[in-house]
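One file, structure_18.tsv, is given below (TSV, C-alpha atoms).
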```tsv
chain	number	residue	atom	x	y	z
A	1	MET	CA	-77.04	74.28	134.41
A	2	PRO	CA	-75.65	71.39	136.49
A	3	PRO	CA	-76.64	71.57	140.18
A	4	GLY	CA	-74.00	72.98	142.46
A	5	ILE	CA	-72.35	75.16	139.82
A	6	THR	CA	-71.84	78.77	140.79
A	7	VAL	CA	-71.37	80.96	137.74
A	8	ASN	CA	-68.74	83.64	138.05
A	9	PRO	CA	-70.56	86.99	138.04
A	10	THR	CA	-68.14	88.35	135.44
A	11	ILE	CA	-69.87	86.18	132.83
A	12	SER	CA	-73.18	87.98	133.21
A	13	ARG	CA	-71.44	91.36	132.93
A	14	LEU	CA	-70.71	90.53	129.29
A	15	PRO	CA	-74.03	90.85	127.41
A	16	SER	CA	-72.92	88.54	124.59
A	17	LEU	CA	-72.29	85.76	127.12
A	18	ASP	CA	-75.68	85.69	128.85
A	19	ARG	CA	-76.50	82.39	127.13
A	20	VAL	CA	-73.21	80.90	128.29
A	21	ALA	CA	-73.96	81.90	131.88
A	22	SER	CA	-77.32	80.12	131.65
A	23	GLY	CA	-75.73	76.94	130.32
A	24	SER	CA	-76.52	77.44	126.63
A	25	ALA	CA	-74.13	77.49	123.70
A	26	LEU	CA	-72.71	80.73	122.38
A	27	SER	CA	-74.36	81.52	119.03
A	28	ASP	CA	-72.41	82.35	115.88
A	29	GLU	CA	-73.62	85.93	116.22
A	30	GLY	CA	-72.59	86.00	119.86
A	31	ALA	CA	-69.14	84.76	118.92
A	32	PHE	CA	-68.61	87.71	116.60
A	33	THR	CA	-69.66	90.18	119.29
A	34	LEU	CA	-66.54	89.14	121.20
A	35	LEU	CA	-64.56	91.04	118.59
A	36	ASP	CA	-66.02	94.28	119.89
A	37	LEU	CA	-64.91	93.91	123.51
A	38	ASP	CA	-62.47	96.55	124.64
A	39	SER	CA	-59.34	95.70	126.60
A	40	GLU	CA	-61.12	96.55	129.85
A	41	HIS	CA	-63.38	93.53	129.37
A	42	GLU	CA	-60.72	91.02	128.34
A	43	THR	CA	-60.10	90.07	131.97
A	44	ASP	CA	-63.80	89.27	132.22
A	45	LEU	CA	-63.55	87.30	128.98
A	46	CYS	CA	-60.84	85.07	130.44
A	47	ALA	CA	-62.74	84.69	133.70
A	48	ALA	CA	-65.78	83.53	131.75
A	49	ALA	CA	-63.70	81.02	129.78
A	50	SER	CA	-62.04	79.70	132.93
A	51	GLU	CA	-65.40	79.30	134.65
A	52	LEU	CA	-66.74	77.42	131.65
A	53	ARG	CA	-63.73	75.09	131.66
A	54	ASP	CA	-64.20	74.36	135.37
A	55	ARG	CA	-67.86	73.64	134.75
A	56	GLY	CA	-67.15	71.05	132.09
A	57	ARG	CA	-63.67	69.67	132.83
A	58	GLY	CA	-63.17	70.25	136.53
A	59	ARG	CA	-59.78	71.00	138.10
A	60	THR	CA	-57.70	68.63	135.96
A	61	ILE	CA	-55.13	69.67	133.35
A	62	THR	CA	-53.79	66.84	131.21
A	63	PHE	CA	-50.77	66.09	129.02
A	64	SER	CA	-49.73	63.21	126.79
A	65	PRO	CA	-46.29	61.65	127.48
A	66	LYS	CA	-45.01	61.09	123.96
A	67	VAL	CA	-42.18	60.49	121.57
A	68	PHE	CA	-42.00	62.55	118.38
A	69	ILE	CA	-41.31	60.41	115.30
A	70	PRO	CA	-40.59	62.50	112.16
A	71	LEU	CA	-41.17	59.70	109.64
A	72	THR	CA	-40.09	61.93	106.77
A	73	ARG	CA	-39.33	65.63	106.54
A	74	MET	CA	-39.76	65.83	102.79
A	75	CYS	CA	-42.93	67.65	101.74
A	76	ARG	CA	-44.61	68.76	98.55
A	77	ASP	CA	-45.64	72.05	100.20
A	78	PHE	CA	-43.69	75.21	100.96
A	79	CYS	CA	-45.10	77.20	103.90
A	80	GLY	CA	-43.74	80.63	104.71
A	81	TYR	CA	-42.80	79.77	108.29
A	82	CYS	CA	-41.70	76.12	108.19
A	83	THR	CA	-38.27	74.73	109.05
A	84	PHE	CA	-39.50	71.14	109.40
A	85	ARG	CA	-39.53	70.35	105.67
A	86	GLN	CA	-36.37	69.26	103.93
A	87	SER	CA	-35.62	68.42	100.32
A	88	PRO	CA	-33.90	65.11	99.55
A	89	ASP	CA	-30.43	66.67	99.37
A	90	GLU	CA	-30.86	68.23	102.84
A	91	THR	CA	-31.69	65.09	104.77
A	92	ASP	CA	-29.52	62.21	105.94
A	93	GLY	CA	-32.29	59.71	105.31
A	94	LEU	CA	-35.38	60.14	103.17
A	95	TYR	CA	-37.55	58.16	105.60
A	96	LEU	CA	-36.97	56.61	109.00
A	97	THR	CA	-36.63	52.85	108.75
A	98	ILE	CA	-38.68	50.45	110.83
A	99	ASP	CA	-35.66	49.80	113.06
A	100	GLN	CA	-35.26	53.52	113.70
A	101	VAL	CA	-38.97	53.94	114.43
A	102	LEU	CA	-39.07	51.03	116.86
A	103	SER	CA	-35.85	52.14	118.55
A	104	VAL	CA	-37.40	55.51	119.41
A	105	ALA	CA	-40.70	53.93	120.46
A	106	ARG	CA	-39.02	51.41	122.77
A	107	ALA	CA	-36.83	54.08	124.34
A	108	GLY	CA	-39.96	56.12	124.98
A	109	GLN	CA	-41.71	53.13	126.50
A	110	ARG	CA	-38.89	52.74	129.00
A	111	LEU	CA	-39.52	56.33	130.09
A	112	GLY	CA	-43.26	55.78	130.46
A	113	CYS	CA	-44.40	57.33	127.18
A	114	THR	CA	-47.71	56.16	125.75
A	115	GLU	CA	-47.99	58.20	122.52
A	116	ALA	CA	-45.99	57.84	119.31
A	117	LEU	CA	-46.64	61.07	117.41
A	118	PHE	CA	-45.96	60.49	113.72
A	119	THR	CA	-45.41	63.83	112.00
A	120	LEU	CA	-44.37	63.99	108.36
A	121	GLY	CA	-44.42	66.10	105.26
A	122	GLU	CA	-47.33	66.10	102.87
A	123	ARG	CA	-47.12	63.49	100.06
A	124	PRO	CA	-43.45	64.03	99.16
A	125	GLU	CA	-43.56	61.33	96.49
A	126	GLN	CA	-45.66	63.69	94.37
A	127	ARG	CA	-42.80	66.21	94.20
A	128	TYR	CA	-39.63	64.19	94.60
A	129	PRO	CA	-38.79	61.12	92.47
A	130	GLU	CA	-36.28	60.13	95.18
A	131	ALA	CA	-39.17	59.66	97.60
A	132	ALA	CA	-41.19	57.62	95.12
A	133	GLU	CA	-38.17	55.42	94.37
A	134	TRP	CA	-37.41	54.85	98.07
A	135	LEU	CA	-40.99	53.77	98.70
A	136	SER	CA	-41.34	51.55	95.64
A	137	GLY	CA	-38.03	49.85	96.39
A	138	ARG	CA	-39.57	48.66	99.68
A	139	GLY	CA	-42.94	47.70	98.29
A	140	TYR	CA	-44.95	50.84	99.05
A	141	ARG	CA	-46.85	53.07	96.65
A	142	THR	CA	-47.32	56.09	98.90
A	143	THR	CA	-46.05	57.70	102.08
A	144	HIS	CA	-49.44	57.10	103.69
A	145	GLU	CA	-49.14	53.38	103.00
A	146	TYR	CA	-45.72	53.33	104.64
A	147	LEU	CA	-47.06	55.30	107.61
A	148	ALA	CA	-49.86	52.76	108.14
A	149	HIS	CA	-47.23	49.99	108.24
A	150	MET	CA	-45.09	51.85	110.76
A	151	CYS	CA	-48.11	52.56	112.96
A	152	GLY	CA	-48.94	48.87	112.90
A	153	ALA	CA	-45.41	47.95	113.97
A	154	VAL	CA	-45.45	50.37	116.92
A	155	PHE	CA	-48.92	49.21	117.95
A	156	GLU	CA	-48.02	45.53	117.85
A	157	GLU	CA	-44.49	45.63	119.25
A	158	THR	CA	-44.65	48.31	121.97
A	159	ASP	CA	-47.05	49.71	124.56
A	160	LEU	CA	-47.20	53.00	122.68
A	161	LEU	CA	-50.23	54.17	120.73
A	162	PRO	CA	-49.72	55.85	117.34
A	163	HIS	CA	-51.16	59.28	116.63
A	164	GLY	CA	-50.79	60.03	112.94
A	165	ASN	CA	-50.45	63.61	111.72
A	166	PRO	CA	-49.64	63.23	108.00
A	167	GLY	CA	-51.60	66.12	106.50
A	168	THR	CA	-54.65	65.76	104.28
A	169	MET	CA	-56.11	62.28	103.96
A	170	SER	CA	-58.66	60.44	101.86
A	171	ARG	CA	-61.28	58.13	103.34
A	172	ARG	CA	-59.17	55.11	102.39
A	173	GLU	CA	-56.07	56.57	104.04
A	174	LEU	CA	-57.96	57.32	107.24
A	175	GLU	CA	-59.41	53.81	107.24
A	176	ALA	CA	-55.89	52.38	106.95
A	177	LEU	CA	-54.81	54.19	110.12
A	178	GLN	CA	-58.00	53.57	112.10
A	179	PRO	CA	-57.17	50.08	113.48
A	180	THR	CA	-53.98	51.28	115.23
A	181	ASN	CA	-54.50	55.02	115.79
A	182	PRO	CA	-56.94	55.83	118.60
A	183	SER	CA	-56.79	59.43	117.37
A	184	ILE	CA	-55.57	61.22	114.26
A	185	GLY	CA	-54.85	64.88	113.69
A	186	ILE	CA	-54.48	67.73	111.23
A	187	MET	CA	-54.09	71.40	112.08
A	188	LEU	CA	-56.67	73.49	110.29
A	189	GLU	CA	-54.42	76.50	111.01
A	190	SER	CA	-56.92	78.88	109.44
A	191	SER	CA	-59.95	78.73	107.21
A	192	SER	CA	-59.13	82.12	105.71
A	193	PRO	CA	-58.64	82.02	101.92
A	194	ARG	CA	-56.49	85.16	102.15
A	195	LEU	CA	-53.58	83.15	103.52
A	196	TYR	CA	-53.05	81.28	100.25
A	197	GLU	CA	-53.29	84.34	98.03
A	198	PRO	CA	-50.05	85.65	96.42
A	199	GLY	CA	-47.67	86.71	99.15
A	200	GLY	CA	-49.51	84.74	101.81
A	201	PRO	CA	-47.86	82.04	103.98
A	202	HIS	CA	-49.74	79.25	102.18
A	203	GLU	CA	-49.34	80.49	98.61
A	204	PHE	CA	-47.15	77.50	97.69
A	205	ALA	CA	-48.84	74.97	99.97
A	206	PRO	CA	-51.83	73.42	98.16
A	207	SER	CA	-52.60	71.05	101.03
A	208	LYS	CA	-53.15	74.05	103.32
A	209	ARG	CA	-56.29	75.04	101.42
A	210	PRO	CA	-59.00	75.13	104.08
A	211	ARG	CA	-61.44	73.15	101.95
A	212	VAL	CA	-59.25	70.06	101.74
A	213	ARG	CA	-58.31	70.17	105.42
A	214	LEU	CA	-61.91	70.55	106.51
A	215	ARG	CA	-62.81	67.66	104.22
A	216	THR	CA	-60.24	65.44	105.97
A	217	MET	CA	-61.81	66.38	109.30
A	218	GLU	CA	-65.27	65.67	107.91
A	219	LEU	CA	-64.24	62.22	106.68
A	220	ALA	CA	-62.78	61.42	110.09
A	221	GLY	CA	-66.12	62.34	111.63
A	222	GLU	CA	-67.99	60.06	109.24
A	223	LEU	CA	-65.63	57.22	110.22
A	224	GLY	CA	-65.94	57.90	113.95
A	225	ILE	CA	-62.26	58.73	114.49
A	226	PRO	CA	-61.44	60.95	117.50
A	227	PHE	CA	-59.68	63.91	115.97
A	228	THR	CA	-57.24	66.63	117.00
A	229	THR	CA	-57.11	69.94	115.16
A	230	GLY	CA	-56.35	73.57	115.90
A	231	ILE	CA	-55.50	77.02	114.66
A	232	LEU	CA	-52.18	78.82	114.27
A	233	ILE	CA	-52.32	82.47	115.23
A	234	GLY	CA	-50.03	85.29	114.11
A	235	ILE	CA	-49.50	84.26	110.47
A	236	GLY	CA	-51.44	87.16	108.99
A	237	GLU	CA	-55.00	86.29	109.93
A	238	THR	CA	-57.37	88.68	111.70
A	239	ARG	CA	-59.27	88.06	114.93
A	240	ARG	CA	-62.45	87.73	112.88
A	241	GLU	CA	-60.83	85.03	110.77
A	242	ARG	CA	-59.82	83.18	113.93
A	243	VAL	CA	-63.43	83.22	115.08
A	244	GLU	CA	-64.54	81.96	111.67
A	245	SER	CA	-62.02	79.11	111.87
A	246	LEU	CA	-63.20	78.12	115.34
A	247	LEU	CA	-66.81	78.17	114.17
A	248	ASP	CA	-65.89	75.88	111.26
A	249	ILE	CA	-64.38	73.45	113.77
A	250	ARG	CA	-67.43	73.70	116.00
A	251	ARG	CA	-69.82	72.94	113.14
A	252	LEU	CA	-67.97	69.71	112.41
A	253	HIS	CA	-67.99	68.75	116.09
A	254	GLN	CA	-71.70	69.45	116.34
A	255	ARG	CA	-72.28	67.02	113.46
A	256	PHE	CA	-70.04	64.18	114.58
A	257	GLY	CA	-68.80	64.75	118.16
A	258	HIS	CA	-65.31	63.66	117.13
A	259	ILE	CA	-63.22	66.80	117.72
A	260	GLN	CA	-61.49	65.59	120.86
A	261	GLU	CA	-58.99	68.43	121.09
A	262	VAL	CA	-58.38	71.90	119.69
A	263	ILE	CA	-54.87	73.38	119.80
A	264	ILE	CA	-54.40	77.14	119.95
A	265	GLN	CA	-50.82	77.55	118.76
A	266	ASN	CA	-48.84	80.76	118.61
A	267	PHE	CA	-46.62	81.54	115.63
A	268	ARG	CA	-42.91	81.91	116.35
A	269	ALA	CA	-40.66	83.29	113.64
A	270	LYS	CA	-37.75	81.14	112.48
A	271	ALA	CA	-34.57	82.15	110.73
A	272	ASP	CA	-34.08	81.29	107.07
A	273	THR	CA	-37.79	81.33	106.27
A	274	PRO	CA	-39.79	83.89	104.25
A	275	MET	CA	-41.50	84.96	107.50
A	276	ALA	CA	-38.30	85.32	109.52
A	277	ASP	CA	-38.97	89.01	110.15
A	278	THR	CA	-42.63	88.58	111.09
A	279	PRO	CA	-43.22	89.32	114.79
A	280	ASP	CA	-44.11	86.39	117.03
A	281	ALA	CA	-47.74	86.12	118.03
A	282	ALA	CA	-48.20	88.35	121.07
A	283	PRO	CA	-49.05	86.65	124.39
A	284	ASP	CA	-52.15	88.83	124.79
A	285	GLU	CA	-53.37	87.67	121.37
A	286	LEU	CA	-52.86	84.06	122.40
A	287	MET	CA	-54.69	84.75	125.66
A	288	TRP	CA	-57.65	86.36	123.87
A	289	THR	CA	-57.88	83.64	121.24
A	290	THR	CA	-57.70	80.84	123.81
A	291	ALA	CA	-60.51	82.35	125.88
A	292	VAL	CA	-62.64	82.88	122.77
A	293	ALA	CA	-61.99	79.28	121.70
A	294	ARG	CA	-63.30	78.01	125.03
A	295	LEU	CA	-66.42	80.17	124.79
A	296	ILE	CA	-67.11	79.07	121.21
A	297	LEU	CA	-66.32	75.39	121.63
A	298	GLY	CA	-68.00	74.96	124.98
A	299	GLU	CA	-67.27	73.39	128.32
A	300	ARG	CA	-66.43	69.84	127.22
A	301	VAL	CA	-64.07	70.19	124.23
A	302	ASN	CA	-60.42	69.81	125.26
A	303	ILE	CA	-58.40	72.95	124.52
A	304	GLN	CA	-54.62	73.01	124.49
A	305	VAL	CA	-51.84	75.59	124.38
A	306	PRO	CA	-48.34	74.14	123.78
A	307	PRO	CA	-46.26	74.92	126.88
A	308	ASN	CA	-42.90	74.91	125.09
A	309	LEU	CA	-43.86	77.93	122.95
A	310	SER	CA	-44.39	80.36	125.86
A	311	GLU	CA	-42.23	81.24	128.83
A	312	ASP	CA	-45.12	81.89	131.23
A	313	TYR	CA	-47.35	79.16	129.85
A	314	GLU	CA	-49.28	78.73	133.11
A	315	ARG	CA	-51.13	81.99	132.42
A	316	TYR	CA	-53.22	80.21	129.79
A	317	ILE	CA	-54.89	78.13	132.46
A	318	ASN	CA	-56.69	81.39	133.27
A	319	ALA	CA	-57.97	81.53	129.67
A	320	GLY	CA	-59.74	78.17	129.84
A	321	ILE	CA	-57.33	75.49	128.66
A	322	ASN	CA	-57.45	71.99	130.15
A	323	ASP	CA	-54.51	70.35	128.36
A	324	TRP	CA	-50.81	70.90	127.60
A	325	GLY	CA	-50.65	68.48	124.66
A	326	GLY	CA	-47.82	66.08	124.03
A	327	VAL	CA	-44.69	66.56	126.13
A	328	SER	CA	-41.68	64.33	125.57
A	329	PRO	CA	-38.97	63.27	128.03
A	330	LEU	CA	-36.96	61.92	125.09
A	331	THR	CA	-37.39	63.63	121.71
A	332	ILE	CA	-37.33	67.28	120.67
A	333	ASP	CA	-40.17	69.17	119.04
A	334	TYR	CA	-39.02	68.80	115.44
A	335	VAL	CA	-41.49	71.45	114.24
A	336	ASN	CA	-40.20	73.96	116.81
A	337	PRO	CA	-36.67	72.68	117.55
A	338	GLU	CA	-35.67	75.93	119.23
A	339	ALA	CA	-38.35	75.42	121.92
A	340	PRO	CA	-37.52	72.66	124.44
A	341	TRP	CA	-40.28	70.86	126.29
A	342	PRO	CA	-40.72	71.87	129.94
A	343	GLN	CA	-39.48	69.41	132.53
A	344	LEU	CA	-42.44	67.43	133.79
A	345	ALA	CA	-41.66	68.31	137.40
A	346	GLU	CA	-41.80	72.00	136.47
A	347	LEU	CA	-44.98	71.52	134.45
A	348	GLU	CA	-46.59	69.79	137.43
A	349	ARG	CA	-45.45	72.51	139.85
A	350	ARG	CA	-46.80	75.38	137.76
A	351	THR	CA	-50.08	73.57	137.16
A	352	ARG	CA	-50.48	72.76	140.86
A	353	GLU	CA	-49.67	76.33	141.93
A	354	ALA	CA	-52.41	77.53	139.59
A	355	GLY	CA	-54.82	75.32	141.54
A	356	TYR	CA	-55.10	72.35	139.16
A	357	GLU	CA	-54.02	68.71	139.11
A	358	LEU	CA	-51.75	67.51	136.29
A	359	ARG	CA	-52.64	64.05	134.95
A	360	PRO	CA	-51.11	62.06	132.08
A	361	ARG	CA	-53.46	60.85	129.36
A	362	LEU	CA	-53.31	58.71	126.26
A	363	PRO	CA	-53.40	60.29	122.77
A	364	VAL	CA	-57.18	59.76	122.91
A	365	TYR	CA	-59.19	61.31	125.74
A	366	PRO	CA	-61.02	59.14	128.29
A	367	GLU	CA	-64.49	60.14	127.11
A	368	TYR	CA	-63.91	58.21	123.88
A	369	PHE	CA	-63.20	54.85	125.50
A	370	ALA	CA	-63.64	54.89	129.31
A	371	ASP	CA	-66.61	55.01	131.68
A	372	GLY	CA	-68.87	52.97	129.46
A	373	SER	CA	-68.23	55.10	126.37
A	374	GLN	CA	-70.08	53.86	123.31
A	375	TRP	CA	-67.67	55.48	120.85
A	376	PRO	CA	-67.02	52.95	118.04
A	377	LEU	CA	-63.31	52.22	118.46
A	378	PRO	CA	-61.97	48.90	117.07
A	379	SER	CA	-62.02	46.21	119.78
A	380	PRO	CA	-58.25	45.41	119.84
A	381	LEU	CA	-57.52	49.13	120.08
A	382	LYS	CA	-59.99	49.67	122.91
A	383	GLU	CA	-58.58	46.69	124.80
A	384	LYS	CA	-55.11	48.24	124.71
A	385	LEU	CA	-56.45	51.60	125.84
A	386	VAL	CA	-58.17	50.05	128.85
A	387	ARG	CA	-55.06	48.04	129.75
A	388	LEU	CA	-52.90	51.18	129.91
A	389	THR	CA	-55.28	53.26	132.01
A	390	ASP	CA	-56.87	53.44	135.44
A	391	GLU	CA	-60.59	53.46	136.22
A	392	SER	CA	-60.83	57.13	135.19
A	393	GLY	CA	-59.24	56.57	131.77
A	394	TYR	CA	-55.92	58.28	132.60
A	395	VAL	CA	-52.47	56.68	132.41
A	396	LYS	CA	-51.84	54.26	135.25
A	397	GLY	CA	-49.56	55.60	137.96
A	398	GLY	CA	-50.50	59.23	137.43
A	399	ILE	CA	-48.01	62.08	137.41
A	400	ARG	CA	-45.83	60.40	140.08
A	401	ARG	CA	-44.81	57.90	137.42
A	402	TYR	CA	-43.00	60.70	135.57
A	403	VAL	CA	-42.06	63.33	138.08
A	404	HIS	CA	-40.22	60.85	140.29
A	405	SER	CA	-38.30	59.29	137.41
A	406	ASN	CA	-37.34	62.30	135.24
```
Since I need it in another form, could you write the structure as structure tokens?
Amino acid sequence: MPPGITVNPTISRLPSLDRVASGSALSDEGAFTLLDLDSEHETDLCAAASELRDRGRGRTITFSPKVFIPLTRMCRDFCGYCTFRQSPDETDGLYLTIDQVLSVARAGQRLGCTEALFTLGERPEQRYPEAAEWLSGRGYRTTHEYLAHMCGAVFEETDLLPHGNPGTMSRRELEALQPTNPSIGIMLESSSPRLYEPGGPHEFAPSKRPRVRLRTMELAGELGIPFTTGILIGIGETRRERVESLLDIRRLHQRFGHIQEVIIQNFRAKADTPMADTPDAAPDELMWTTAVARLILGERVNIQVPPNLSEDYERYINAGINDWGGVSPLTIDYVNPEAPWPQLAELERRTREAGYELRPRLPVYPEYFADGSQWPLPSPLKEKLVRLTDESGYVKGGIRRYVHSN
């Protein structure tokens, strides 16, 4: 255990967490014993997670100032809860053009944003001939090829850094994004096979098969790409299946060290979807899962809860998070359009009142490029990262750059 660390006594009152209290990792078996805790011990569970976060990440909570760029909303998949996807006859434009992409990126740059989050549907050209024709008419074979071009344009022509989130990817597709994306992401959501059985939320979503999503994450590890993933709770999975999903993520991180961030996202029902009548994930379930994620993933992995999906989001600081994810002063959350981002001044106030400092970060965390990091990022990419950050690896100017101007 690092010198000077005082372990909260509540940790040692949980027998399954004795190893955590002594500075060791929680075993797989120990992780499953957390399922047996009664509600009386869940306060202790959160206290243990919060102590572990403080041990590894200190008193800093981060966020990424971003713009959300929905490159295309067409998708070959149909998920039971999604309102992001659109068919060709539902959308005004099949894909954003390069002028539209750069217009959003430049507007974000003027507001101090540093991340261009590219979110898009999974391989729409495989379902819709309109998508294939649009791409081929502009010299592209696939949506991934077009995405790589758009990321290159944003990287070269603005101060923003692309973060691609296009779904499953092959090695070649990841390699195409690597020169301009300091990080890439895909939500695991769940590794439970039950969710794609008949009647499940992923029955008609072949790219949501856990095997192919875990393979994308594995390939990113082999290539040395810092990677963001996470789980979605409340879509029919059990607590045990959440633990299994988190352990799958941990195993990949133990092999490669590339899982820079894990999102614990709560399901919110949306009208006009097959799951419209499914109850939202309960706050206590999100609290439990977040604390368990910290205890499984350890003191150093960055853990995020999206602040726009909960009214009293500051409570999750007490469950061990150290990040709020991307927050935009410009664009909506196209995946959850009913949930506006918090104002940055309010986010800073709530974080400060909880006893933590809010700091803006890039889409890749400092440990992957700052302080003498030996992580193998491409040289032009690393040079841009260093130029945009202070000596600690956080965005120059700190939170005052945003709170005073928004």
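Ranking A:Ser191, A:Gln100, A:Gln254, A:Ser245 by their shortest atom-to-atom distance to Gly221 in chain A, with only C-alpha atoms included, puts A:Gln254 first.
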From the options A:Ser87, A:Ala47, A:Glu173, A:Glu42, which residue's atoms come nearest to Glu285 in chain A, counting all atoms listed in the file?
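Using all atoms listed in the file, Glu285 in chain A sits closest to A:Glu42.
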Please identify all polymer residues within 9 Å of Leu45 in chain A, counting only C-alpha atoms, omitting same-chain residues fewer than 3 positions from it, and present them as a ChimeraX atom specification.
/A:10-11,14,34,37,41-42,48-50,288,291-292,295,319
Would you kindly return, as a list in words, each protein, DNA or RNA residue with an atom no farther than 7 Å from any atom of range 108-110 of chain A, considering only C-alpha atoms and excluding same-chain residues fewer than 4 positions away?
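Final neighbour list, sorted by chain and number: Val67, Val104, Thr114, Asp159, Leu160 and Leu330 of chain A.
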A:Ile98, A:Ile249, A:Ala105, A:Val364: which is nearest Ile296 in chain A, counting only C-alpha atoms?
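For Ile296 in chain A, the nearest of the given residues is A:Ile249.
Using only C-alpha atoms, the shortest contact distance between Asn336 in chain A and any of A:Tyr81, A:Ala107, A:Arg255, A:Pro65 is found at A:Tyr81.
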Could you give me, as a tab-separated table (two decimals) with C-alpha atoms, in the coordinates of the input, the residues that sit within 8 Å of (-56.4, 74.7, 109.2) in the file's coordinates, counting all atoms listed in the file?
```
chain	number	residue	atom	x	y	z
A	186	ILE	CA	-54.48	67.73	111.23
A	187	MET	CA	-54.09	71.40	112.08
A	188	LEU	CA	-56.67	73.49	110.29
A	189	GLU	CA	-54.42	76.50	111.01
A	190	SER	CA	-56.92	78.88	109.44
A	191	SER	CA	-59.95	78.73	107.21
A	208	LYS	CA	-53.15	74.05	103.32
A	209	ARG	CA	-56.29	75.04	101.42
A	210	PRO	CA	-59.00	75.13	104.08
A	213	ARG	CA	-58.31	70.17	105.42
A	214	LEU	CA	-61.91	70.55	106.51
A	229	THR	CA	-57.11	69.94	115.16
A	230	GLY	CA	-56.35	73.57	115.90
A	231	ILE	CA	-55.50	77.02	114.66
A	232	LEU	CA	-52.18	78.82	114.27
A	245	SER	CA	-62.02	79.11	111.87
```
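If you count only C-alpha atoms and ignore residues fewer than 2 places along the chain from range 56-61 of chain A, what sits within 7 Å of it is Leu52, Arg53, Asp54, Glu299, Arg300, Asn322, Asp323, Tyr356, Glu357, Leu358 and Arg359 of chain A.
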Can I get the selected residues back with C-alpha atoms, as a short mmCIF file (atom, residue, chain, number, x, y, z; two decimals), in the coordinates of the input?
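Heads up, here's the output in part-v5.cif:
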```
data_model
loop_
_atom_site.label_atom_id
_atom_site.label_comp_id
_atom_site.auth_asym_id
_atom_site.auth_seq_id
_atom_site.Cartn_x
_atom_site.Cartn_y
_atom_site.Cartn_z
CA LEU A 52 -66.74 77.42 131.65
CA ARG A 53 -63.73 75.09 131.66
CA ASP A 54 -64.20 74.36 135.37
CA GLU A 299 -67.27 73.39 128.32
CA ARG A 300 -66.43 69.84 127.22
CA ASN A 322 -57.45 71.99 130.15
CA ASP A 323 -54.51 70.35 128.36
CA TYR A 356 -55.10 72.35 139.16
CA GLU A 357 -54.02 68.71 139.11
CA LEU A 358 -51.75 67.51 136.29
CA ARG A 359 -52.64 64.05 134.95
#
```
Compare A:Arg294, A:Arg239, A:Arg172, A:Arg250 by their minimum atom-to-atom distance to Cys46 in chain A, counting all atoms listed in the file, and give me the closest one.
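Going through A:Arg294, A:Arg239, A:Arg172, A:Arg250 one by one, the smallest distance to Cys46 in chain A is for A:Arg294.
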May I have the residues within 9 Å of range 388-392 of chain A as a compact mmCIF listing (two decimals) with C-alpha atoms, in the frame of the given file, using only C-alpha atoms and disregarding those fewer than 4 positions away in the same chain?
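out.txt written:
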```
# COMPACT_ATOMS: atom_id res chain seq x y z
CA THR A 114 -47.71 56.16 125.75
CA ASP A 159 -47.05 49.71 124.56
CA ARG A 361 -53.46 60.85 129.36
CA LEU A 362 -53.31 58.71 126.26
CA PRO A 366 -61.02 59.14 128.29
CA ALA A 370 -63.64 54.89 129.31
CA ASP A 371 -66.61 55.01 131.68
CA GLU A 383 -58.58 46.69 124.80
CA LYS A 384 -55.11 48.24 124.71
CA LYS A 396 -51.84 54.26 135.25
CA GLY A 397 -49.56 55.60 137.96
CA GLY A 398 -50.50 59.23 137.43
```
Using only the atoms of range 105-113 of chain A listed in the file, plus 6 Å on each side, state the axis-aligned box centre and edge lengths in Å rounded to one decimal, as AutoDock Vina command-line options.
```
--center_x -40.6 --center_y 54.4 --center_z 125.5 --size_x 19.6 --size_y 17.9 --size_z 22.0
```
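The interatomic distance for the pair CA of Phe118 in chain A and CA of Arg350 in chain A works out to 28.3 Å.
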Restricting the calculation to only C-alpha atoms, which member of A:Thr228, A:Asn308, A:Thr158, A:Thr289 is positioned closest to Trp341 in chain A?
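When distances to Trp341 in chain A are compared using only C-alpha atoms, the smallest one comes from A:Asn308.
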Since the input has fewer atoms than a full residue there, write range 372-376 of chain A out with N, CA, C and O atoms, as a PDB file, in the coordinates of the input.
```
ATOM      1  N   GLY A 372     -67.731  53.451 130.233  1.00  0.00           N
ATOM      2  CA  GLY A 372     -68.870  52.970 129.460  1.00  0.00           C
ATOM      3  C   GLY A 372     -69.096  53.694 128.143  1.00  0.00           C
ATOM      4  O   GLY A 372     -70.193  53.634 127.579  1.00  0.00           O
ATOM      5  N   SER A 373     -68.078  54.374 127.627  1.00  0.00           N
ATOM      6  CA  SER A 373     -68.230  55.100 126.370  1.00  0.00           C
ATOM      7  C   SER A 373     -68.668  54.165 125.250  1.00  0.00           C
ATOM      8  O   SER A 373     -68.175  53.039 125.129  1.00  0.00           O
ATOM      9  N   GLN A 374     -69.587  54.639 124.445  1.00  0.00           N
ATOM     10  CA  GLN A 374     -70.080  53.860 123.310  1.00  0.00           C
ATOM     11  C   GLN A 374     -69.428  54.274 121.993  1.00  0.00           C
ATOM     12  O   GLN A 374     -69.901  53.906 120.920  1.00  0.00           O
ATOM     13  N   TRP A 375     -68.340  55.055 122.075  1.00  0.00           N
ATOM     14  CA  TRP A 375     -67.670  55.480 120.850  1.00  0.00           C
ATOM     15  C   TRP A 375     -67.149  54.254 120.104  1.00  0.00           C
ATOM     16  O   TRP A 375     -66.564  53.359 120.712  1.00  0.00           O
ATOM     17  N   PRO A 376     -67.316  54.188 118.781  1.00  0.00           N
ATOM     18  CA  PRO A 376     -67.020  52.950 118.040  1.00  0.00           C
ATOM     19  C   PRO A 376     -65.543  52.751 117.703  1.00  0.00           C
ATOM     20  O   PRO A 376     -65.147  52.760 116.534  1.00  0.00           O
TER      21      PRO A 376
END
```
